[in-house]
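What follows is the content of entry_38.cif, which has mmCIF, C-alpha atoms and all ligand atoms:
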```cif
data_data
loop_
_atom_site.label_atom_id
_atom_site.label_comp_id
_atom_site.auth_asym_id
_atom_site.auth_seq_id
_atom_site.Cartn_x
_atom_site.Cartn_y
_atom_site.Cartn_z
CA MET A 862 13.51 -76.92 -51.91
CA GLN A 863 15.90 -79.50 -50.51
CA LEU A 864 19.50 -78.67 -49.65
CA ASN A 865 20.87 -81.81 -51.33
CA GLU A 866 19.05 -80.88 -54.58
CA ILE A 867 20.88 -77.56 -54.66
CA GLU A 868 24.23 -79.15 -53.81
CA THR A 869 23.76 -81.71 -56.58
CA TYR A 870 22.89 -78.93 -59.03
CA VAL A 871 25.97 -76.86 -58.15
CA LEU A 872 28.34 -79.82 -58.20
CA GLY A 873 26.85 -80.90 -61.53
CA LEU A 874 27.95 -77.56 -62.99
CA LEU A 875 31.31 -77.34 -61.23
CA PRO A 876 32.31 -80.79 -59.94
CA LYS A 877 35.73 -79.82 -58.58
CA LEU A 878 34.71 -77.04 -56.22
CA GLY A 879 36.30 -76.88 -52.77
CA ILE A 880 33.97 -76.88 -49.77
CA ASN A 881 33.97 -73.09 -49.17
CA LYS A 882 33.38 -72.19 -52.79
CA GLN A 883 30.63 -74.78 -53.03
CA ARG A 884 29.03 -73.31 -49.91
CA GLU A 885 28.92 -69.80 -51.39
CA LEU A 886 27.39 -70.92 -54.67
CA VAL A 887 24.84 -73.14 -52.93
CA ARG A 888 23.75 -70.17 -50.82
CA LEU A 889 23.39 -67.89 -53.85
CA VAL A 890 21.51 -70.47 -55.90
CA TYR A 891 19.14 -71.12 -53.00
CA GLU A 892 18.40 -67.43 -52.43
CA ILE A 893 17.79 -66.79 -56.13
CA ALA A 894 15.52 -69.83 -56.56
CA LYS A 895 13.50 -68.82 -53.51
CA ARG A 896 13.28 -65.13 -54.38
CA GLU A 897 12.40 -65.61 -58.05
CA ASP A 898 10.49 -68.87 -57.64
CA VAL A 899 12.31 -70.45 -60.60
CA PRO A 900 13.56 -74.01 -61.11
CA LEU A 901 17.25 -74.56 -60.33
CA ALA A 902 18.03 -75.39 -63.96
CA GLU A 903 17.19 -71.81 -64.98
CA ILE A 904 19.57 -70.15 -62.58
CA LEU A 905 22.92 -70.75 -64.24
CA PRO A 906 22.23 -71.50 -67.92
CA PHE A 907 25.08 -73.31 -69.67
CA GLU A 908 28.17 -71.23 -70.34
CA LYS A 909 31.34 -72.50 -71.89
CA ASN A 910 34.34 -72.28 -69.56
CA LEU A 911 32.17 -71.64 -66.48
CA ASN A 912 34.36 -71.45 -63.38
CA PHE A 913 33.86 -70.43 -59.75
CA GLU A 914 34.68 -66.76 -60.30
CA SER A 915 32.40 -66.29 -63.29
CA ALA A 916 29.58 -68.31 -61.67
CA LYS A 917 29.80 -66.30 -58.44
CA LYS A 918 29.83 -63.01 -60.32
CA ARG A 919 26.76 -63.96 -62.34
CA LEU A 920 24.93 -65.18 -59.26
CA LEU A 921 25.79 -62.09 -57.18
CA ALA A 922 24.60 -59.80 -60.00
CA ARG A 923 21.31 -61.67 -60.15
CA ARG A 924 20.81 -61.92 -56.36
CA TYR A 925 21.68 -58.25 -55.74
CA PRO A 926 20.45 -56.40 -58.84
CA VAL A 927 20.23 -53.02 -57.04
CA ASN A 928 23.50 -53.14 -55.12
CA PHE A 929 25.82 -55.47 -57.01
CA LYS A 930 27.77 -52.68 -58.68
CA THR A 931 28.06 -50.40 -55.67
CA ALA A 932 28.43 -52.70 -52.64
CA ARG A 933 31.87 -53.71 -51.42
CA LYS A 934 32.68 -57.40 -51.92
CA ASP A 935 32.94 -57.97 -48.17
CA GLN A 936 29.36 -56.75 -47.68
CA PHE A 937 27.87 -59.85 -49.29
CA TYR A 938 27.28 -62.40 -46.55
CA LEU A 939 27.22 -65.97 -47.87
CA PRO A 940 27.18 -68.37 -44.92
CA LYS A 941 26.63 -72.09 -45.12
CA LEU A 942 23.00 -72.90 -45.92
CA GLU A 943 21.45 -74.93 -43.10
CA LEU A 944 17.84 -76.01 -43.43
CA ASP A 945 16.24 -78.17 -40.75
CA SER A 946 12.53 -78.91 -40.99
CA THR A 947 12.37 -79.84 -37.29
CA GLN A 948 13.05 -76.18 -36.45
CA GLU A 949 10.13 -74.74 -38.44
CA ALA A 950 7.83 -72.36 -36.59
CA ASP A 951 4.50 -73.75 -35.45
CA LEU A 952 1.89 -71.42 -36.92
CA THR A 953 -1.15 -73.27 -35.61
CA PRO A 954 -3.36 -70.73 -33.78
CA ARG A 955 -3.71 -71.63 -30.10
CA PRO A 956 -4.43 -69.89 -26.81
CA PHE A 957 -1.62 -69.23 -24.34
CA SER A 958 -1.94 -72.23 -22.05
CA PRO A 959 1.40 -73.32 -20.56
CA LYS A 960 1.67 -77.02 -19.70
CA THR A 961 4.31 -76.61 -17.00
CA ILE A 962 4.53 -73.66 -14.65
CA TYR A 963 7.51 -73.08 -12.38
CA ILE A 964 7.08 -70.68 -9.49
CA GLU A 965 10.11 -69.58 -7.51
CA THR A 966 9.72 -70.17 -3.80
CA SER A 967 10.48 -66.53 -2.96
CA VAL A 968 7.45 -65.31 -4.97
CA LYS A 969 5.02 -68.18 -4.43
CA ASP A 970 2.60 -66.08 -2.36
CA THR A 971 2.61 -62.98 -4.58
CA PRO A 972 -0.60 -61.85 -6.30
CA LEU A 973 0.93 -62.78 -9.69
CA ALA A 974 1.61 -66.36 -8.58
CA GLN A 975 -1.94 -66.60 -7.27
CA ARG A 976 -3.44 -65.29 -10.52
CA VAL A 977 -1.33 -67.74 -12.53
CA ARG A 978 -2.54 -70.67 -10.40
CA ALA A 979 -6.15 -69.61 -10.95
CA ALA A 980 -5.76 -68.95 -14.68
CA PHE A 981 -4.00 -72.23 -15.56
CA ALA A 982 -5.43 -74.70 -13.05
CA GLN A 983 -4.85 -77.59 -15.48
CA ALA A 984 -1.07 -76.98 -15.73
CA ASP A 985 1.61 -78.97 -13.95
CA PHE A 986 2.91 -76.62 -11.21
CA LYS A 987 6.42 -76.94 -9.82
CA GLU A 988 8.15 -74.93 -7.14
CA THR A 989 11.74 -74.00 -7.88
CA ASP A 990 14.65 -72.42 -6.05
CA GLY A 991 15.52 -70.46 -9.19
CA LYS A 992 18.40 -72.75 -10.13
CA THR A 993 16.39 -75.39 -12.00
CA GLN A 994 16.89 -75.47 -15.76
CA VAL A 995 13.48 -74.76 -17.29
CA GLY A 996 12.14 -74.63 -20.84
CA SER A 997 12.10 -76.67 -23.99
CA PRO A 998 15.00 -77.42 -26.34
CA HIS A 999 12.87 -75.85 -29.11
CA PHE A 1000 12.13 -72.14 -29.34
CA SER A 1001 8.78 -72.99 -30.98
CA LYS A 1002 7.73 -74.79 -27.78
CA ARG A 1003 8.54 -71.85 -25.52
CA LEU A 1004 4.87 -71.18 -24.70
CA ASP A 1005 4.58 -74.61 -23.05
CA THR A 1006 6.57 -73.38 -20.04
CA LEU A 1007 5.97 -70.38 -17.79
CA LEU A 1008 8.33 -69.25 -15.04
CA ILE A 1009 7.21 -66.79 -12.38
CA HIS A 1010 10.37 -65.52 -10.76
CA ARG A 1011 12.03 -62.81 -8.76
CA GLU A 1012 14.34 -60.72 -10.91
CA LYS A 1013 17.56 -60.01 -9.05
CA TYR A 1014 19.83 -58.11 -11.41
CA ASP A 1015 18.47 -56.84 -14.69
CA PHE A 1016 16.15 -54.04 -13.59
CA LEU A 1017 16.92 -50.90 -15.54
CA LYS A 1018 19.44 -50.11 -18.27
CA PRO A 1019 20.03 -47.66 -21.07
CA CYS A 1020 18.78 -48.99 -24.41
CA PRO A 1021 21.75 -50.84 -25.96
CA CYS A 1022 20.75 -49.33 -29.33
CA SER A 1023 23.25 -50.55 -31.89
CA CYS A 1024 26.99 -50.02 -31.89
CA GLY A 1025 27.73 -46.70 -33.61
CA SER A 1026 24.05 -45.75 -34.11
CA ALA A 1027 22.55 -42.34 -33.45
CA GLY A 1028 20.94 -43.15 -30.04
CA CYS A 1029 17.73 -41.60 -28.71
CA GLY A 1030 18.45 -41.85 -24.95
CA TYR A 1031 15.87 -44.53 -24.23
CA ASN A 1032 15.89 -46.51 -20.96
CA LEU A 1033 14.61 -50.04 -20.54
CA VAL A 1034 13.01 -52.07 -17.78
CA ASN A 1035 12.95 -55.76 -18.64
CA LEU A 1036 9.51 -56.74 -17.50
CA GLY A 1037 9.33 -60.24 -18.89
CA PHE A 1038 11.02 -62.40 -21.44
CA GLY A 1039 9.27 -64.25 -24.27
CA CYS A 1040 6.26 -63.46 -26.39
CA ARG A 1041 3.19 -65.29 -27.65
CA PHE A 1042 3.24 -63.58 -31.06
CA GLU A 1043 5.37 -64.99 -33.85
CA CYS A 1044 6.84 -62.18 -35.93
CA GLU A 1045 9.21 -63.57 -38.53
CA TYR A 1046 11.79 -60.88 -37.88
CA CYS A 1047 11.70 -61.15 -34.06
CA PHE A 1048 15.20 -61.11 -32.60
CA LEU A 1049 14.10 -63.26 -29.66
CA GLN A 1050 14.15 -66.38 -31.82
CA GLN A 1051 17.90 -66.03 -31.95
CA TYR A 1052 18.51 -64.22 -28.65
CA GLN A 1053 16.32 -66.17 -26.23
CA ASN A 1054 18.23 -69.23 -25.06
CA LEU A 1055 15.81 -70.15 -22.28
CA HIS A 1056 12.79 -71.40 -24.21
CA ALA A 1057 9.99 -70.40 -21.84
CA VAL A 1058 8.01 -67.32 -20.89
CA LEU A 1059 9.51 -65.55 -17.86
CA LEU A 1060 7.46 -63.08 -15.87
CA PRO A 1061 8.92 -61.32 -12.82
CA ALA A 1062 6.72 -60.98 -9.75
CA ASN A 1063 8.69 -58.13 -8.15
CA VAL A 1064 7.77 -55.10 -10.24
CA GLU A 1065 8.08 -52.85 -7.18
CA GLU A 1066 11.84 -53.58 -7.15
CA PHE A 1067 12.10 -52.46 -10.78
CA LEU A 1068 10.25 -49.26 -9.98
CA ALA A 1069 12.37 -48.61 -6.88
CA LYS A 1070 15.48 -48.39 -9.09
CA ILE A 1071 13.96 -45.56 -11.12
CA ASP A 1072 13.87 -43.00 -8.32
CA GLY A 1073 17.61 -43.09 -7.75
CA ALA A 1074 18.62 -43.18 -11.42
CA LYS A 1075 19.81 -40.38 -13.70
CA PHE A 1076 18.26 -40.04 -17.15
CA ARG A 1077 18.61 -37.74 -20.11
CA ALA A 1078 15.70 -36.51 -22.19
CA GLY A 1079 17.47 -36.52 -25.57
CA LEU A 1080 15.08 -35.40 -28.32
CA PHE A 1081 12.08 -35.50 -26.02
CA ASP A 1082 10.41 -33.24 -23.48
CA ARG A 1083 11.15 -35.67 -20.63
CA PRO A 1084 13.32 -38.79 -20.19
CA ARG A 1085 11.68 -41.92 -21.56
CA ILE A 1086 11.61 -45.29 -19.86
CA GLY A 1087 9.89 -48.26 -21.42
CA SER A 1088 9.34 -51.98 -21.35
CA GLY A 1089 8.99 -54.28 -24.32
CA GLU A 1090 12.54 -55.15 -25.33
CA PHE A 1091 12.34 -58.89 -24.61
CA THR A 1092 8.58 -59.25 -24.81
CA ASP A 1093 5.55 -57.29 -25.94
CA SER A 1094 4.70 -54.83 -23.13
CA LEU A 1095 0.99 -55.63 -22.97
CA VAL A 1096 0.55 -59.10 -24.42
CA PHE A 1097 0.43 -60.72 -20.96
CA ASP A 1098 -0.90 -57.67 -19.07
CA ASP A 1099 -4.27 -59.24 -18.22
CA LEU A 1100 -2.26 -61.83 -16.29
CA THR A 1101 0.64 -59.77 -14.97
CA GLN A 1102 -1.31 -56.56 -14.30
CA TYR A 1103 1.99 -54.68 -14.42
CA SER A 1104 0.10 -51.65 -15.74
CA ALA A 1105 -1.79 -51.44 -12.43
CA GLN A 1106 1.53 -50.76 -10.66
CA ILE A 1107 3.32 -48.80 -13.37
CA VAL A 1108 0.64 -46.22 -14.18
CA PRO A 1109 0.18 -44.88 -10.61
CA PHE A 1110 3.97 -44.87 -10.12
CA PHE A 1111 4.49 -42.59 -13.12
CA ARG A 1112 1.41 -40.51 -12.40
CA ALA A 1113 3.26 -39.43 -9.26
CA ARG A 1114 6.42 -38.63 -11.28
CA PRO A 1115 5.36 -36.25 -14.07
CA HIS A 1116 9.01 -35.33 -14.83
CA LEU A 1117 9.45 -38.79 -16.42
CA GLN A 1118 7.45 -40.71 -19.02
CA PHE A 1119 6.87 -44.42 -19.46
CA GLU A 1120 6.13 -46.27 -22.68
CA PHE A 1121 4.28 -49.56 -23.13
CA LYS A 1122 5.30 -50.91 -26.55
CA THR A 1123 2.90 -53.41 -28.08
CA LYS A 1124 1.17 -54.99 -31.05
CA SER A 1125 -1.64 -56.34 -28.87
CA THR A 1126 -5.08 -54.99 -28.04
CA ASN A 1127 -4.77 -56.14 -24.43
CA ILE A 1128 -5.59 -52.72 -22.99
CA GLY A 1129 -7.99 -53.65 -20.16
CA GLY A 1130 -5.32 -53.00 -17.53
CA LEU A 1131 -4.51 -49.55 -18.91
CA LEU A 1132 -8.18 -48.59 -19.04
CA ALA A 1133 -8.72 -49.83 -15.48
CA ALA A 1134 -5.67 -47.89 -14.25
CA GLY A 1135 -7.15 -44.61 -15.55
CA GLY A 1136 -5.45 -42.26 -17.96
CA CYS A 1137 -2.09 -40.69 -17.36
CA GLU A 1138 -0.53 -37.93 -19.46
CA ASN A 1139 3.04 -39.12 -18.98
CA VAL A 1140 2.31 -42.75 -19.86
CA VAL A 1141 2.49 -43.48 -23.57
CA ALA A 1142 0.85 -46.52 -25.11
CA ALA A 1143 2.78 -47.22 -28.30
CA TRP A 1144 1.92 -49.56 -31.14
CA SER A 1145 4.21 -51.05 -33.73
CA VAL A 1146 2.59 -50.51 -37.10
CA ASN A 1147 3.50 -51.71 -40.53
CA ALA A 1148 2.38 -52.05 -44.13
CA GLY A 1149 -0.73 -54.25 -44.47
CA PRO A 1150 1.01 -57.20 -46.19
CA ILE A 1151 3.72 -57.29 -43.51
CA THR A 1152 1.22 -57.31 -40.65
CA GLN A 1153 -0.82 -59.98 -42.35
CA ASP A 1154 1.91 -62.32 -43.60
CA VAL A 1155 4.87 -61.72 -41.29
CA GLU A 1156 3.52 -60.75 -37.84
CA HIS A 1157 1.72 -64.02 -37.10
CA PHE A 1158 -1.05 -64.04 -34.49
CA THR A 1159 -0.99 -60.24 -34.05
CA PRO A 1160 -4.09 -58.02 -34.38
CA ASN A 1161 -4.40 -56.17 -37.67
CA LEU A 1162 -3.79 -52.45 -38.09
CA THR A 1163 -7.43 -51.45 -37.69
CA ALA A 1164 -7.69 -53.33 -34.39
CA ARG A 1165 -4.44 -51.78 -33.11
CA LEU A 1166 -5.65 -48.28 -34.01
CA GLN A 1167 -9.02 -48.85 -32.36
CA ALA A 1168 -7.19 -49.88 -29.17
CA ALA A 1169 -5.03 -46.75 -29.48
CA CYS A 1170 -8.12 -44.54 -29.77
CA GLU A 1171 -9.60 -46.12 -26.65
CA VAL A 1172 -6.54 -45.55 -24.50
CA ALA A 1173 -6.22 -41.99 -25.86
CA ARG A 1174 -9.82 -41.32 -24.80
CA ALA A 1175 -8.89 -42.64 -21.35
CA GLY A 1176 -6.16 -39.98 -21.08
CA TYR A 1177 -2.94 -41.66 -22.26
CA ARG A 1178 -0.71 -40.30 -24.99
CA LEU A 1179 0.20 -42.46 -27.97
CA GLY A 1180 3.35 -43.57 -29.73
CA PHE A 1181 3.88 -45.48 -32.96
CA HIS A 1182 6.80 -47.43 -34.32
CA PHE A 1183 7.20 -48.04 -38.03
CA ASP A 1184 9.67 -50.75 -37.30
CA PRO A 1185 10.77 -52.73 -39.17
CA VAL A 1186 10.07 -51.02 -42.47
CA VAL A 1187 10.39 -53.70 -45.15
CA ILE A 1188 11.40 -52.70 -48.66
CA TYR A 1189 9.68 -54.61 -51.47
CA GLU A 1190 8.04 -53.87 -54.80
CA GLY A 1191 5.30 -51.30 -54.10
CA TYR A 1192 6.14 -50.85 -50.41
CA GLN A 1193 5.70 -47.08 -50.50
CA GLN A 1194 2.03 -47.29 -51.46
CA ASP A 1195 1.39 -49.83 -48.69
CA TYR A 1196 3.11 -47.70 -46.03
CA ALA A 1197 1.27 -44.60 -47.29
CA ARG A 1198 -2.02 -46.51 -46.79
CA THR A 1199 -1.07 -47.24 -43.19
CA VAL A 1200 -0.24 -43.56 -42.58
CA GLN A 1201 -3.58 -42.58 -44.14
CA GLU A 1202 -5.52 -44.98 -41.91
CA MET A 1203 -3.72 -43.55 -38.89
CA ALA A 1204 -4.49 -40.00 -40.05
CA ASP A 1205 -8.18 -40.84 -40.51
CA THR A 1206 -8.56 -42.62 -37.19
CA LEU A 1207 -6.32 -41.23 -34.47
CA PRO A 1208 -6.54 -38.08 -32.34
CA HIS A 1209 -3.49 -36.31 -33.81
CA ASN A 1210 -2.79 -34.13 -30.78
CA LYS A 1211 -2.34 -37.24 -28.60
CA ILE A 1212 0.58 -38.65 -30.56
CA ALA A 1213 3.81 -38.03 -28.68
CA TRP A 1214 6.30 -39.77 -30.98
CA ILE A 1215 6.72 -41.95 -34.04
CA SER A 1216 9.90 -43.89 -34.78
CA VAL A 1217 11.01 -45.31 -38.09
CA GLY A 1218 13.58 -48.06 -38.64
CA THR A 1219 14.23 -50.30 -41.61
CA LEU A 1220 14.56 -54.07 -41.20
CA ARG A 1221 17.93 -55.11 -39.78
CA PHE A 1222 19.18 -58.27 -38.15
CA SER A 1223 22.29 -60.05 -36.97
CA ARG A 1224 23.93 -62.71 -39.11
CA GLU A 1225 22.80 -65.38 -36.68
CA LEU A 1226 19.21 -64.17 -36.86
CA LYS A 1227 19.21 -64.43 -40.64
CA LYS A 1228 19.92 -68.14 -40.33
CA ARG A 1229 17.24 -68.60 -37.69
CA ILE A 1230 14.59 -66.85 -39.80
CA GLU A 1231 15.58 -68.93 -42.80
CA MET A 1232 15.24 -72.14 -40.80
CA ARG A 1233 12.02 -71.28 -38.97
CA PHE A 1234 10.18 -69.56 -41.84
CA THR A 1235 11.30 -71.32 -44.99
CA LYS A 1236 8.71 -69.48 -47.09
CA ASN A 1237 9.56 -66.05 -45.69
CA ARG A 1238 9.66 -63.11 -48.10
CA ILE A 1239 11.41 -60.65 -45.80
CA LEU A 1240 14.88 -62.08 -46.50
CA ASP A 1241 14.40 -61.65 -50.25
CA GLY A 1242 15.51 -58.02 -49.93
CA GLU A 1243 19.11 -57.05 -50.62
CA PHE A 1244 20.78 -57.16 -47.22
CA LEU A 1245 24.43 -56.25 -46.84
CA LEU A 1246 26.79 -56.32 -43.90
CA ASP A 1247 26.70 -52.83 -42.49
CA PHE A 1248 28.50 -50.42 -40.17
CA ASP A 1249 27.57 -52.25 -36.96
CA GLY A 1250 28.07 -55.82 -38.22
CA LYS A 1251 24.32 -56.22 -38.76
CA MET A 1252 22.63 -56.90 -42.04
CA ARG A 1253 20.75 -53.96 -43.52
CA TYR A 1254 19.49 -52.63 -46.81
CA SER A 1255 22.09 -50.50 -48.56
CA GLN A 1256 22.46 -46.91 -47.39
CA ALA A 1257 20.90 -45.69 -50.64
CA GLN A 1258 17.83 -47.90 -50.18
CA ARG A 1259 17.43 -46.85 -46.55
CA ILE A 1260 17.80 -43.18 -47.35
CA GLU A 1261 15.17 -43.53 -50.08
CA ALA A 1262 12.77 -45.25 -47.65
CA TYR A 1263 13.33 -42.63 -44.92
CA GLN A 1264 13.12 -39.71 -47.35
CA PHE A 1265 9.71 -41.02 -48.33
CA LEU A 1266 8.27 -41.98 -44.94
CA VAL A 1267 9.74 -39.46 -42.47
CA PRO A 1268 8.53 -36.28 -44.26
CA LEU A 1269 5.14 -37.92 -44.85
CA LEU A 1270 4.80 -38.60 -41.12
CA ARG A 1271 6.05 -35.11 -40.18
CA ARG A 1272 3.53 -33.49 -42.52
CA THR A 1273 0.67 -35.70 -41.34
CA PHE A 1274 1.42 -35.52 -37.61
CA PRO A 1275 3.18 -32.17 -37.08
CA HIS A 1276 2.93 -32.33 -33.26
CA ALA A 1277 4.70 -35.69 -32.95
CA VAL A 1278 8.47 -36.19 -32.63
CA VAL A 1279 9.41 -38.33 -35.64
CA TYR A 1280 12.82 -39.98 -35.29
CA LEU A 1281 14.96 -42.78 -36.67
CA CYS A 1282 15.69 -45.89 -34.62
CA MET A 1283 19.14 -47.58 -34.56
CA GLU A 1284 20.42 -45.85 -37.64
CA ASP A 1285 23.87 -44.95 -38.89
CA PRO A 1286 24.53 -41.22 -38.16
CA ALA A 1287 25.66 -40.89 -41.80
CA VAL A 1288 22.19 -41.99 -42.93
CA ALA A 1289 20.34 -40.05 -40.23
CA SER A 1290 22.08 -36.82 -41.29
CA LYS A 1291 20.49 -37.04 -44.74
CA ILE A 1292 16.89 -37.20 -43.52
S1 LIG B 1301 5.54 -58.71 -30.85
FE1 LIG B 1301 7.68 -58.15 -30.58
S2 LIG B 1301 8.46 -59.59 -29.03
FE2 LIG B 1301 6.54 -60.43 -29.84
S3 LIG B 1301 7.15 -61.80 -31.51
FE3 LIG B 1301 6.69 -59.80 -32.42
S4 LIG B 1301 8.68 -58.75 -32.49
FE4 LIG B 1301 8.89 -60.48 -31.05
#
```
Please, can you express the file's structure as structure tokens?
Amino acid sequence: MQLNEIETYVLGLLPKLGINKQRELVRLVYEIAKREDVPLAEILPFEKNLNFESAKKRLLARRYPVNFKTARKDQFYLPKLELDSTQEADLTPRPFSPKTIYIETSVKDTPLAQRVRAAFAQADFKETDGKTQVGSPHFSKRLDTLLIHREKYDFLKPCPCSCGSAGCGYNLVNLGFGCRFECEYCFLQQYQNLHAVLLPANVEEFLAKIDGAKFRAGLFDRPRIGSGEFTDSLVFDDLTQYSAQIVPFFRARPHLQFEFKTKSTNIGGLLAAGGCENVVAAWSVNAGPITQDVEHFTPNLTARLQAACEVARAGYRLGFHFDPVVIYEGYQQDYARTVQEMADTLPHNKIAWISVGTLRFSRELKKRIEMRFTKNRILDGEFLLDFDGKMRYSQAQRIEAYQFLVPLLRRTFPHAVVYLCMEDPAVASKI
């Protein structure tokens, strides 16, 4: 669907619209045509005396059939529609093989730099003082550039959670930036302004910060520290071998626990490091259609669960994250199937925790998803501006999703801590 087609359609109906009113109607017409897969001409059938107010009301009622009557007017977010085919995601399967690799002088002799040189001998290697601007103008080309660097500042921080959410006391180490998977909802596509993969070579400096820090355990038996905020924790682990340093470090500190958060099956490093009771290997899991159609290049559920079983046999505990839960026609049956496959496959007594969080995103991310994945289905849900300025399903829809999934998980895995991630305390209190 072309933007100018929609603009022509809207102006054909209401030729005297000002720019802002036109923008709102164009946005609504676009979202309805995409969601319902109907020709533009069917969206606003002729009506005598049609004006902006009546057109907008009809379009809002059709775009938000569940929430139109109950949502506040200021919860409908109708920004300018911007489509740009040059920004579309590249979904051609390909191995991770960066064309240009920058290595900071201060880490050029580290084992990671040496492994990178051996693994990508065909790449163009450049030494940098850390001040060179690296990366591509396009997010979709981020895998072409790899930077091996020495992290100087951002070692350890409390999870930023979301403003006003019921936090869980998580702590983050930022081991890497950028990911080779292509999940349509990934916040990195809006957040990452340096379009390259960044891997720090000074993990020991990250770990050194942990000993002096104060943590709280929150809902859990011990404080939790984890990686995987700005990348997938294991997707590059065969190269980085961070697990070889992290596992022994935490084995010697049983009062803490560390979580690797992943969708990958790249578990060779964990298996080689030997099991460790206070290291949790955690997989994001989802309904089958979401994994297949939205989480591009990721292993399917069965492969993720097989990897989980292997690391559990090696002596690690497991975590799972139902995040993001996507609400669509029939979603409950699909999520119940995922829970059933987990129940049939996994060693239940090894599961330490399971989080649940419905799909949410910033306003800016909505526009990025729309531009990069023009055929996406995830934005067809009814998203409203919510308590923290993010876009979420309505409270009623979220409560319904949690009231279905959380008790199901608690019944199926009674030993695991099941908790909500980044949720409004008013919603959390009803679960
Ligand atoms: S696995 Fe995580 S970091 Fe990687 S693309 Fe998906 S959401 Fe983003």
Q | Distance in Å - atom CA of A:Leu901 versus atom CA of A:Asn928 | A |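 Spanning atom CA of A:Leu901 to atom CA of A:Asn928 is a straight-line distance of 22.9 Å.
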Q: Show me which residues sit within 12 Å of ligand LIG 1301 (chain B) when counting only C-alpha atoms and all ligand atoms, and put them as a ChimeraX atom specification.
A: /A:950,1000-1001,1003-1004,1035-1053,1058,1088-1097,1121-1126,1144-1147,1151-1152,1155-1160,1182,1184-1185,1220,1222
Within 12 Å of file point (-8.2, -46.0, -13.9), counting only C-alpha atoms, expressed as a PDB file with C-alpha atoms, in the coordinates of the input:
```pdb
ATOM      1  CA  SER A1104       0.100 -51.650 -15.740  1.00  0.00           C
ATOM      2  CA  ALA A1105      -1.790 -51.440 -12.430  1.00  0.00           C
ATOM      3  CA  GLN A1106       1.530 -50.760 -10.660  1.00  0.00           C
ATOM      4  CA  ILE A1107       3.320 -48.800 -13.370  1.00  0.00           C
ATOM      5  CA  VAL A1108       0.640 -46.220 -14.180  1.00  0.00           C
ATOM      6  CA  PRO A1109       0.180 -44.880 -10.610  1.00  0.00           C
ATOM      7  CA  ARG A1112       1.410 -40.510 -12.400  1.00  0.00           C
ATOM      8  CA  ILE A1128      -5.590 -52.720 -22.990  1.00  0.00           C
ATOM      9  CA  GLY A1129      -7.990 -53.650 -20.160  1.00  0.00           C
ATOM     10  CA  GLY A1130      -5.320 -53.000 -17.530  1.00  0.00           C
ATOM     11  CA  LEU A1131      -4.510 -49.550 -18.910  1.00  0.00           C
ATOM     12  CA  LEU A1132      -8.180 -48.590 -19.040  1.00  0.00           C
ATOM     13  CA  ALA A1133      -8.720 -49.830 -15.480  1.00  0.00           C
ATOM     14  CA  ALA A1134      -5.670 -47.890 -14.250  1.00  0.00           C
ATOM     15  CA  GLY A1135      -7.150 -44.610 -15.550  1.00  0.00           C
ATOM     16  CA  GLY A1136      -5.450 -42.260 -17.960  1.00  0.00           C
ATOM     17  CA  CYS A1137      -2.090 -40.690 -17.360  1.00  0.00           C
ATOM     18  CA  VAL A1172      -6.540 -45.550 -24.500  1.00  0.00           C
ATOM     19  CA  ARG A1174      -9.820 -41.320 -24.800  1.00  0.00           C
ATOM     20  CA  ALA A1175      -8.890 -42.640 -21.350  1.00  0.00           C
ATOM     21  CA  GLY A1176      -6.160 -39.980 -21.080  1.00  0.00           C
ATOM     22  CA  TYR A1177      -2.940 -41.660 -22.260  1.00  0.00           C
TER      23      TYR A1177
END
```
**Q.** Test item: residues at most 12 Å from A:Lys895, only C-alpha atoms, excluding those fewer than 2 positions along its chain, as a PyMOL selection string
**A.** chain A and resi 862-863+867+888-893+897-901+904+924+1231+1235-1242
**Q.** Pairwise distance for atom CA of A:Asn1210 and atom CA of A:Leu1179, rounded to one decimal in Å
**A.** 9.3 Å
Q: Write out as a list in words which residues come within 8 Å of A:Lys917 when counting all atoms listed in the file, dropping same-chain ones fewer than 3 positions away.
A: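 Listing them by chain and then by number gives Glu885, Leu886, Phe913, Glu914, Leu920 and Leu921 of chain A.
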Q: Would you mind listing what lies within 7 Å of A:Gln936 as JSON, numbers by chain, with all atoms listed in the file counted and same-chain residues fewer than 4 positions away left out?
A: {"A": [932, 1245, 1246]}
Store the residues of this selection in a file with C-alpha atoms, as a PDB file, keeping the file's coordinate frame.
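Listing of again.pdb after writing:
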```
ATOM      1  CA  ALA A 932      28.430 -52.700 -52.640  1.00  0.00           C
ATOM      2  CA  LEU A1245      24.430 -56.250 -46.840  1.00  0.00           C
ATOM      3  CA  LEU A1246      26.790 -56.320 -43.900  1.00  0.00           C
TER       4      LEU A1246
END
```
Q: Taking (24.3, -57.7, -37.9) in the file's own coordinates, collect the residues within 9 Å, counting all atoms listed in the file, and hand them back as a count of residues only.
A: 15
Q. Which is closest to A:Ile1215 among A:Leu1266, A:Val968, A:Val1278, A:Ala984, if we use only C-alpha atoms?
A.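 Among the listed residues, A:Val1278 lies closest to A:Ile1215.
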Set up a box along x, y and z of the file covering all listed atoms of stretch 1236-1243 of chain A, add 6 Å on every one of the six sides, and write the centre and edge lengths in Å to one decimal, as AutoDock Vina command-line options.
```
--center_x 13.9 --center_y -63.3 --center_z -48.2 --size_x 22.4 --size_y 24.4 --size_z 16.9
```
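Across the structure, atom CA of A:Lys1018 and atom CA of A:Asn1139 are spaced 19.8 Å apart.
Checking A:Ser915, A:Leu1166, A:Ala1257, A:Lys941 one by one against A:Gln883, counting only C-alpha atoms, you find the shortest gap at A:Lys941.
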Q | A:Phe1265 surroundings by all atoms listed in the file, 10 Å radius, close-in-sequence under 3 positions cut, as a ChimeraX atom specification | A | /A:1193,1196-1197,1259-1262,1268-1270,1292
